[in-house]
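Text of the file structure.cif, holding mmCIF, C-alpha atoms:
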data_work
#
loop_
_atom_site.label_atom_id
_atom_site.label_comp_id
_atom_site.auth_asym_id
_atom_site.auth_seq_id
_atom_site.Cartn_x
_atom_site.Cartn_y
_atom_site.Cartn_z
CA MET P 77 41.76 -23.95 -7.79
CA ASP P 78 39.04 -22.64 -5.44
CA ILE P 79 40.07 -20.21 -2.70
CA ALA P 80 37.50 -18.93 -0.21
CA PHE P 81 38.05 -15.69 1.70
CA PHE P 82 36.10 -15.33 4.96
CA ILE P 83 36.20 -11.61 5.65
CA SER P 84 35.10 -9.88 8.85
CA ASP P 85 32.24 -7.47 8.27
CA HIS P 86 33.34 -5.31 11.19
CA GLY P 87 34.28 -2.10 9.40
CA TYR P 88 35.76 -2.30 5.91
CA GLY P 89 39.47 -2.62 6.65
CA HIS P 90 39.53 -6.43 6.65
CA LEU P 91 37.88 -6.40 3.26
CA THR P 92 40.01 -3.73 1.62
CA ARG P 93 43.31 -5.35 2.52
CA ASN P 94 42.21 -8.59 0.84
CA LEU P 95 40.76 -7.15 -2.36
CA GLU P 96 44.01 -6.77 -4.28
CA ILE P 97 45.11 -10.26 -3.14
CA ALA P 98 41.84 -11.72 -4.43
CA ARG P 99 42.13 -9.82 -7.72
CA GLU P 100 45.62 -11.17 -8.30
CA LEU P 101 44.40 -14.74 -7.69
CA LEU P 102 41.61 -14.18 -10.22
CA ASN P 103 44.16 -12.85 -12.70
CA ARG P 104 46.15 -16.05 -12.16
CA GLY P 105 43.13 -18.06 -13.27
CA HIS P 106 41.81 -19.26 -9.91
CA ARG P 107 38.25 -19.22 -8.64
CA VAL P 108 37.63 -16.96 -5.67
CA SER P 109 34.75 -16.84 -3.20
CA VAL P 110 34.28 -13.96 -0.77
CA ILE P 111 32.16 -14.67 2.29
CA THR P 112 31.29 -11.42 4.06
CA GLY P 113 28.49 -9.01 4.96
CA GLN P 114 25.96 -7.69 2.46
CA ARG P 115 27.39 -4.19 2.00
CA HIS P 116 30.91 -5.57 2.02
CA GLY P 117 29.95 -8.07 -0.63
CA ALA P 118 28.78 -5.27 -2.91
CA VAL P 119 32.13 -3.50 -2.50
CA ALA P 120 34.00 -6.72 -3.26
CA ALA P 121 31.88 -7.43 -6.32
CA ALA P 122 32.58 -3.97 -7.72
CA TYR P 123 36.33 -4.07 -7.05
CA LEU P 124 36.69 -7.58 -8.49
CA GLY P 125 34.59 -6.79 -11.55
CA GLY P 126 31.95 -9.40 -10.79
CA ARG P 127 34.46 -12.22 -11.24
CA ALA P 128 34.29 -13.57 -7.67
CA ALA P 129 31.46 -15.54 -6.10
CA ILE P 130 30.00 -13.46 -3.27
CA ARG P 131 28.27 -15.14 -0.33
CA GLU P 132 26.61 -12.79 2.12
CA CYS P 133 26.37 -13.47 5.84
CA HIS P 134 27.17 -11.73 9.12
CA THR P 135 30.71 -12.98 9.65
CA ASP P 136 31.86 -11.24 12.85
CA ALA P 137 30.54 -9.66 16.03
CA GLY P 138 33.26 -7.01 16.12
CA LEU P 139 33.27 -4.15 18.59
CA ILE P 140 30.14 -2.12 19.33
CA LEU P 141 30.82 1.58 19.89
CA LYS P 142 28.83 4.15 21.79
CA PRO P 143 26.94 6.36 19.29
CA GLY P 144 28.83 9.43 18.15
CA THR P 145 32.11 8.30 19.75
CA LEU P 146 35.01 5.92 19.20
CA GLU P 147 34.49 4.43 22.68
CA VAL P 148 33.66 0.72 23.04
CA ASP P 149 30.29 -0.18 24.57
CA ALA P 150 31.33 -3.22 26.63
CA ALA P 151 27.82 -4.47 27.45
CA ALA P 152 26.62 -4.19 23.86
CA THR P 153 29.78 -5.89 22.62
CA GLU P 154 29.23 -8.84 24.95
CA ARG P 155 25.63 -9.19 23.76
CA ALA P 156 26.79 -9.12 20.14
CA VAL P 157 29.44 -11.77 20.77
CA ARG P 158 27.00 -14.10 22.54
CA SER P 159 24.51 -13.70 19.71
CA HIS P 160 27.12 -14.38 17.05
CA LEU P 161 28.54 -17.43 18.82
CA ALA P 162 25.05 -18.91 18.70
CA GLU P 163 25.20 -18.64 14.89
CA TRP P 164 28.54 -20.38 14.42
CA ASP P 165 27.15 -23.88 13.88
CA SER P 166 24.84 -22.73 11.09
CA LEU P 167 27.58 -20.63 9.52
CA ILE P 168 29.95 -23.61 9.57
CA ALA P 169 27.31 -25.89 8.07
CA GLY P 170 26.70 -23.44 5.23
CA SER P 171 30.34 -22.79 4.36
CA PRO P 172 31.32 -23.56 0.75
CA ASP P 173 33.64 -26.21 -0.57
CA ALA P 174 37.11 -24.98 -1.59
CA ASP P 175 40.78 -25.94 -1.83
CA LEU P 176 41.84 -23.35 0.75
CA TYR P 177 40.11 -21.26 3.39
CA VAL P 178 41.56 -17.81 4.11
CA ALA P 179 40.26 -16.14 7.29
CA ASP P 180 40.52 -12.43 8.07
CA ILE P 181 39.61 -12.80 10.82
CA ALA P 182 36.29 -14.66 11.15
CA PRO P 183 37.30 -17.43 13.59
CA TRP P 184 34.46 -19.84 12.78
CA ALA P 185 35.86 -20.24 9.25
CA LEU P 186 38.89 -21.99 10.73
CA LEU P 187 36.60 -24.44 12.54
CA ALA P 188 34.68 -25.02 9.32
CA ALA P 189 37.90 -25.83 7.45
CA LYS P 190 38.93 -28.32 10.10
CA ARG P 191 35.57 -30.13 9.92
CA LYS P 192 35.72 -30.28 6.12
CA GLY P 193 39.37 -31.31 5.92
CA ILE P 194 40.29 -28.15 4.01
CA PRO P 195 43.65 -26.40 4.65
CA SER P 196 43.18 -23.05 6.37
CA CYS P 197 45.22 -19.96 7.04
CA ILE P 198 44.69 -16.70 8.85
CA LEU P 199 46.01 -13.37 7.55
CA THR P 200 46.02 -10.80 10.32
CA ASN P 201 47.70 -8.30 12.59
CA PHE P 202 45.45 -9.03 15.60
CA THR P 203 42.93 -11.52 16.95
CA TRP P 204 39.71 -10.88 18.81
CA ILE P 205 41.27 -12.37 21.95
CA GLU P 206 43.41 -9.34 22.80
CA GLN P 207 40.61 -7.02 21.67
CA TYR P 208 37.99 -8.65 23.89
CA GLU P 209 40.03 -9.43 27.00
CA ALA P 210 39.06 -6.16 28.70
CA PHE P 211 35.35 -6.62 28.00
CA LEU P 212 34.34 -10.29 27.91
CA PRO P 213 34.28 -13.17 30.42
CA ASP P 214 36.77 -15.97 29.88
CA GLU P 215 34.06 -18.44 28.87
CA LEU P 216 33.50 -16.45 25.69
CA LEU P 217 37.18 -15.83 25.06
CA GLU P 218 37.83 -19.57 25.24
CA GLU P 219 35.48 -20.17 22.29
CA TYR P 220 37.57 -17.77 20.24
CA ARG P 221 40.83 -19.33 21.44
CA LYS P 222 39.68 -22.77 20.30
CA ALA P 223 38.77 -21.40 16.90
CA PHE P 224 42.02 -19.53 16.34
CA ARG P 225 44.07 -22.52 17.52
CA SER P 226 42.45 -24.65 14.81
CA ARG P 227 44.21 -22.75 11.98
CA ASP P 228 46.79 -24.62 9.91
CA TYR P 229 48.88 -21.58 8.95
CA ALA P 230 49.28 -18.11 10.43
CA PHE P 231 50.55 -15.15 8.43
CA TYR P 232 51.33 -11.88 10.14
CA TYR P 233 50.94 -8.51 8.50
CA ASP P 234 53.46 -5.80 9.34
CA LEU P 235 52.63 -4.14 12.67
CA ALA P 236 51.19 -7.41 14.03
CA SER P 237 51.30 -7.23 17.81
CA GLU P 238 53.06 -9.60 20.17
CA PRO P 239 49.75 -10.54 21.87
CA CYS P 240 48.44 -11.60 18.46
CA ARG P 241 51.53 -13.72 17.84
CA THR P 242 51.15 -15.28 21.28
CA VAL P 243 47.57 -16.32 20.51
CA LEU P 244 48.29 -17.78 17.07
CA GLY P 245 51.81 -19.09 17.60
CA GLU P 246 54.33 -19.86 14.89
CA GLY P 247 53.75 -18.05 11.63
CA SER P 248 55.32 -16.05 8.80
CA ASP P 249 55.56 -12.29 8.23
CA ILE P 250 54.00 -11.03 5.00
CA GLY P 251 54.38 -7.23 5.04
CA PHE P 252 51.59 -4.82 4.10
CA ALA P 253 48.65 -5.37 1.77
CA ALA P 254 46.23 -2.79 0.42
CA ARG P 255 44.23 -1.70 -2.60
CA ALA P 256 46.31 -0.53 -5.54
CA ILE P 257 46.84 3.23 -5.90
CA ASN P 258 45.68 4.85 -9.16
CA ARG P 259 48.42 7.38 -9.92
CA ALA P 260 46.36 9.21 -12.54
CA ARG P 261 43.55 9.63 -10.00
CA VAL P 262 46.04 10.86 -7.40
CA LYS P 263 47.33 13.49 -9.83
CA GLU P 264 43.78 14.62 -10.58
CA ILE P 265 42.97 15.00 -6.88
CA ARG P 266 46.14 16.98 -6.26
CA SER P 267 45.38 19.30 -9.17
CA ARG P 268 42.34 20.66 -7.31
CA HIS P 269 44.38 21.96 -4.38
CA SER P 270 47.03 24.66 -4.23
CA ARG P 271 47.46 24.42 -0.46
CA PRO P 272 48.73 21.47 1.59
CA LEU P 273 46.12 18.71 1.57
CA VAL P 274 44.99 16.90 4.72
CA PHE P 275 42.93 13.71 4.44
CA ILE P 276 40.87 12.72 7.50
CA SER P 277 39.03 9.44 8.07
CA VAL P 278 37.72 7.65 11.15
CA GLY P 279 36.56 4.48 9.41
CA MET P 280 33.07 3.10 8.83
CA SER P 281 32.53 0.75 11.78
CA ASN P 282 31.18 3.64 13.86
CA ASP P 283 28.96 6.72 13.73
CA GLY P 284 31.96 8.99 13.37
CA ILE P 285 32.78 12.10 15.37
CA GLN P 286 29.69 14.24 15.74
CA GLU P 287 31.31 17.25 17.40
CA ALA P 288 31.71 20.13 14.93
CA ILE P 289 35.31 21.30 14.42
CA ASP P 290 35.95 24.64 12.70
CA VAL P 291 39.11 24.62 10.56
CA GLY P 292 38.20 27.47 8.23
CA ASP P 293 41.05 29.73 9.36
CA LEU P 294 43.80 27.13 8.85
CA PRO P 295 46.07 27.29 5.75
CA TYR P 296 45.22 23.78 4.56
CA ASP P 297 42.61 22.06 2.43
CA PHE P 298 40.83 19.23 4.26
CA VAL P 299 39.20 16.24 2.60
CA THR P 300 37.14 14.13 4.98
CA THR P 301 35.09 10.98 4.93
CA PHE P 302 31.39 11.42 5.64
CA SER P 303 31.71 10.64 9.37
CA VAL P 304 33.93 13.62 10.27
CA ASN P 305 32.18 16.91 11.11
CA LEU P 306 34.66 19.58 9.97
CA ARG P 307 33.46 23.10 9.18
CA GLY P 308 34.98 25.65 6.81
CA ASN P 309 35.19 26.71 3.18
CA ASN P 310 38.41 24.70 2.93
CA VAL P 311 36.64 21.40 3.71
CA THR P 312 35.48 18.81 1.16
CA ALA P 313 33.35 15.96 2.54
CA LEU P 314 33.43 12.78 0.46
CA PRO P 315 30.25 10.75 -0.06
CA SER P 316 29.82 7.63 2.05
CA ASP P 317 30.20 5.34 -0.97
CA VAL P 318 33.47 6.77 -2.30
CA PRO P 319 35.32 3.71 -3.64
CA ASN P 320 38.93 4.91 -3.68
CA THR P 321 39.93 6.52 -0.40
CA GLN P 322 43.43 5.07 -0.94
CA ASP P 323 43.92 7.58 -3.79
CA TYR P 324 43.03 10.46 -1.47
CA VAL P 325 45.53 9.13 1.05
CA ALA P 326 48.25 9.05 -1.61
CA ALA P 327 47.36 12.58 -2.78
CA ALA P 328 47.55 14.04 0.74
CA ASP P 329 50.43 15.84 2.38
CA TYR P 330 49.20 14.70 5.79
CA CYS P 331 46.61 12.24 7.08
CA ILE P 332 44.59 12.02 10.28
CA ALA P 333 42.90 8.68 10.78
CA LYS P 334 41.58 6.12 13.18
CA ALA P 335 44.39 3.67 13.85
CA GLY P 336 42.74 0.75 12.05
CA TRP P 337 45.34 -1.39 10.37
CA SER P 338 44.12 -1.10 6.77
CA THR P 339 44.02 2.70 6.81
CA VAL P 340 47.43 2.81 8.47
CA SER P 341 48.70 0.38 5.84
CA GLU P 342 47.47 2.54 2.96
CA ILE P 343 49.06 5.60 4.55
CA MET P 344 52.42 3.88 5.07
CA LEU P 345 52.38 2.49 1.51
CA ALA P 346 52.04 6.10 0.36
CA GLY P 347 54.77 7.41 2.71
CA VAL P 348 52.49 10.13 4.15
CA PRO P 349 53.10 11.55 7.67
CA PHE P 350 50.01 11.05 9.80
CA ALA P 351 48.27 11.35 13.13
CA ALA P 352 46.51 8.23 14.41
CA LEU P 353 43.53 8.56 16.72
CA ASN P 354 44.14 6.57 19.88
CA ARG P 355 41.33 4.60 21.52
CA PRO P 356 42.82 3.49 24.86
CA ASP P 357 40.25 0.72 25.25
CA VAL P 358 41.18 -0.87 21.89
CA ALA P 359 44.40 -2.87 22.22
CA GLU P 360 45.10 -3.01 18.47
CA ASP P 361 45.09 0.78 18.14
CA THR P 362 47.35 1.37 21.14
CA LEU P 363 49.96 -1.13 19.96
CA THR P 364 49.83 0.12 16.37
CA ILE P 365 50.37 3.74 17.43
CA ARG P 366 53.28 2.77 19.64
CA GLU P 367 55.01 1.14 16.68
CA ILE P 368 54.35 3.90 14.11
CA GLU P 369 55.74 6.46 16.57
CA ARG P 370 58.83 4.30 17.05
CA ARG P 371 59.35 4.24 13.28
CA GLY P 372 58.86 7.99 12.98
CA CYS P 373 55.99 7.66 10.49
CA GLY P 374 53.28 9.22 12.63
CA ILE P 375 52.05 10.43 15.98
CA GLY P 376 49.26 9.37 18.29
CA ILE P 377 46.54 11.82 19.26
CA ASP P 378 43.24 11.68 21.14
CA VAL P 379 39.90 12.66 19.63
CA ARG P 380 39.76 15.72 21.91
CA ASP P 381 43.02 16.96 20.33
CA LEU P 382 41.07 17.61 17.14
CA ARG P 383 39.40 20.58 18.83
CA ASN P 384 42.78 22.30 18.40
CA MET P 385 43.39 21.27 14.80
CA GLY P 386 46.04 23.96 14.45
CA GLY P 387 48.05 22.30 17.22
CA VAL P 388 47.68 18.88 15.58
CA MET P 389 48.89 20.29 12.25
CA GLU P 390 51.86 21.95 13.94
CA ARG P 391 52.91 18.57 15.30
CA LEU P 392 52.40 16.93 11.92
CA ARG P 393 54.54 19.55 10.18
CA ARG P 394 57.51 18.40 12.26
CA LEU P 395 57.32 14.95 10.68
CA LYS P 396 59.17 14.18 7.47
CA ARG P 397 57.92 12.13 4.56
CA TYR P 398 59.43 8.65 4.63
CA GLU P 399 60.15 5.99 2.06
CA PRO P 400 56.86 4.29 1.16
CA TYR P 401 56.54 0.70 2.30
CA PRO P 402 56.00 -1.93 -0.43
CA ASN P 403 52.61 -3.47 -1.20
CA SER P 404 52.95 -7.25 -0.79
CA SER P 405 49.51 -8.15 -2.13
CA HIS P 406 50.76 -10.00 -5.21
CA ALA P 407 53.40 -11.90 -3.23
CA ILE P 408 50.72 -12.94 -0.73
CA ALA P 409 48.53 -14.17 -3.60
CA ALA P 410 51.40 -16.32 -4.84
CA MET P 411 51.84 -17.74 -1.35
CA LEU P 412 48.13 -18.60 -1.10
CA GLU P 413 48.31 -20.20 -4.55
CA SER P 414 51.06 -22.47 -3.26
CA LEU P 415 49.08 -23.41 -0.15
CA GLY P 416 45.96 -24.19 -2.17
CA GLN P 417 47.89 -26.68 -4.25
CA LYS P 418 48.58 -28.83 -1.21
CA LYS P 419 46.42 -31.90 -0.71
CA ARG P 420 43.59 -31.83 1.75
CA TRP P 421 44.34 -33.15 5.21
#
Output the file's structure in the form of structure tokens.
Amino acid sequence: MDIAFFISDHGYGHLTRNLEIARELLNRGHRVSVITGQRHGAVAAAYLGGRAAIRECHTDAGLILKPGTLEVDAAATERAVRSHLAEWDSLIAGSPDADLYVADIAPWALLAAKRKGIPSCILTNFTWIEQYEAFLPDELLEEYRKAFRSRDYAFYYDLASEPCRTVLGEGSDIGFAARAINRARVKEIRSRHSRPLVFISVGMSNDGIQEAIDVGDLPYDFVTTFSVNLRGNNVTALPSDVPNTQDYVAAADYCIAKAGWSTVSEIMLAGVPFAALNRPDVAEDTLTIREIERRGCGIGIDVRDLRNMGGVMERLRRLKRYEPYPNSSHAIAAMLESLGQKKRW
């Protein structure tokens, strides 16, 4: 069976939450194609051991942020969306043959499946509709609505928002999905630290936080991704190409992260208390933070709160570890296997 994954190349979260699903399908003897951006394709090829067919293209316009911030640049985002919409016809024409199309969340893939008579599904916790409503004119939003409405099946990850469910309609809940945790690697990371460990990441779809934050006098060890500018002898900055941030999440006592779904998922699968950085102009983040606070797993903070890292850590210390959520990646793979066995429309 041939299963094609159309993965957004906006950030890396869409990719990482599909990698373990794709690997399980390969282990079950199926052929897998991953259609995504160039750098994302290299990550997928490495994780999947070269067993998947990688097709490189710019799959999504995404959100354009103002340099050095997590704030959306509305004008630049609109330009990017208009430019990408102009590419949809050529992207659809060049899409591969398969028994099932899986979109996360490149909307044109759903249109391509409909034209080819291939069953399609979307795996997601949000759509671009609710993300773009505050920035784009309705004429552009309608193009996305038409694409998302063309899906055959909708599957909702845990924390999927009500606006997302309204856009896509009837669907099934599928829990969390994330890269597998390497327990030996987690143990090795922990062995390097005698003090409580804090992992900080703001994702890779932005330039990071450029403001320097001194944490040298705090009684914690901090491990950060390359885009966080922490200062102190207790800070370890990871290289930009580190392949296993999920192991650092699982090794941490606390996490501070942008509220992107895949990072939140990896944190909640590890049962680690965390602070999620709120971006008020990004609907997905706001709704995600509201839900994790309701569940008692984490707190929402603003970027400016990081200037008082001691205060953030004091709030985090009040949270308790919670029972890790299960990783549903293998169950999702089995579900996709079942869908792919259905006849074409």
Given the PyMOL selection byres ((chain P and resi 82) around 9), the residues it picks as a VMD selection string | chain P and resid 80 to 81 83 to 84 109 to 112 135 177 to 183 185
Which segment 187-215 of chain P residues have any atom within 12 Å of an atom of segment 166-171 of chain P, and for each, what is the nearest pair of atoms with distance in Å to one decimal, counting only C-alpha atoms, rows sorted by chain and number, as a tab-separated table?
residue	atom	partner	partner_atom	distance
P:Leu187	CA	P:Ile168	CA	7.3
P:Ala188	CA	P:Ile168	CA	4.9
P:Ala189	CA	P:Ile168	CA	8.5
P:Lys190	CA	P:Ile168	CA	10.2
P:Arg191	CA	P:Ile168	CA	8.6
P:Lys192	CA	P:Ser171	CA	9.4
P:Ile194	CA	P:Ser171	CA	11.3
Minimum-distance residue to Arg259 of chain P, chosen among P:Asn320, P:Leu176, P:Leu141, P:Ala121 (using only C-alpha atoms) =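 Among the listed residues, the smallest separation from Arg259 of chain P belongs to P:Asn320.
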Shell around Val318 of chain P at 12 Å using all atoms listed in the file, local window under 6 positions removed, as a list in words = Val119, Met280, Thr300, Thr301, Phe302 and Tyr324 of chain P
Which neighbours of segment 243-253 of chain P fall inside 7 Å, counting all atoms listed in the file, when residues of the same chain fewer than 3 positions from it are skipped, and could you give them as JSON, numbers by chain?
-> {"P": [93, 224, 225, 229, 230, 231, 232, 233, 234, 239, 240, 341, 402, 403, 404, 405, 408]}
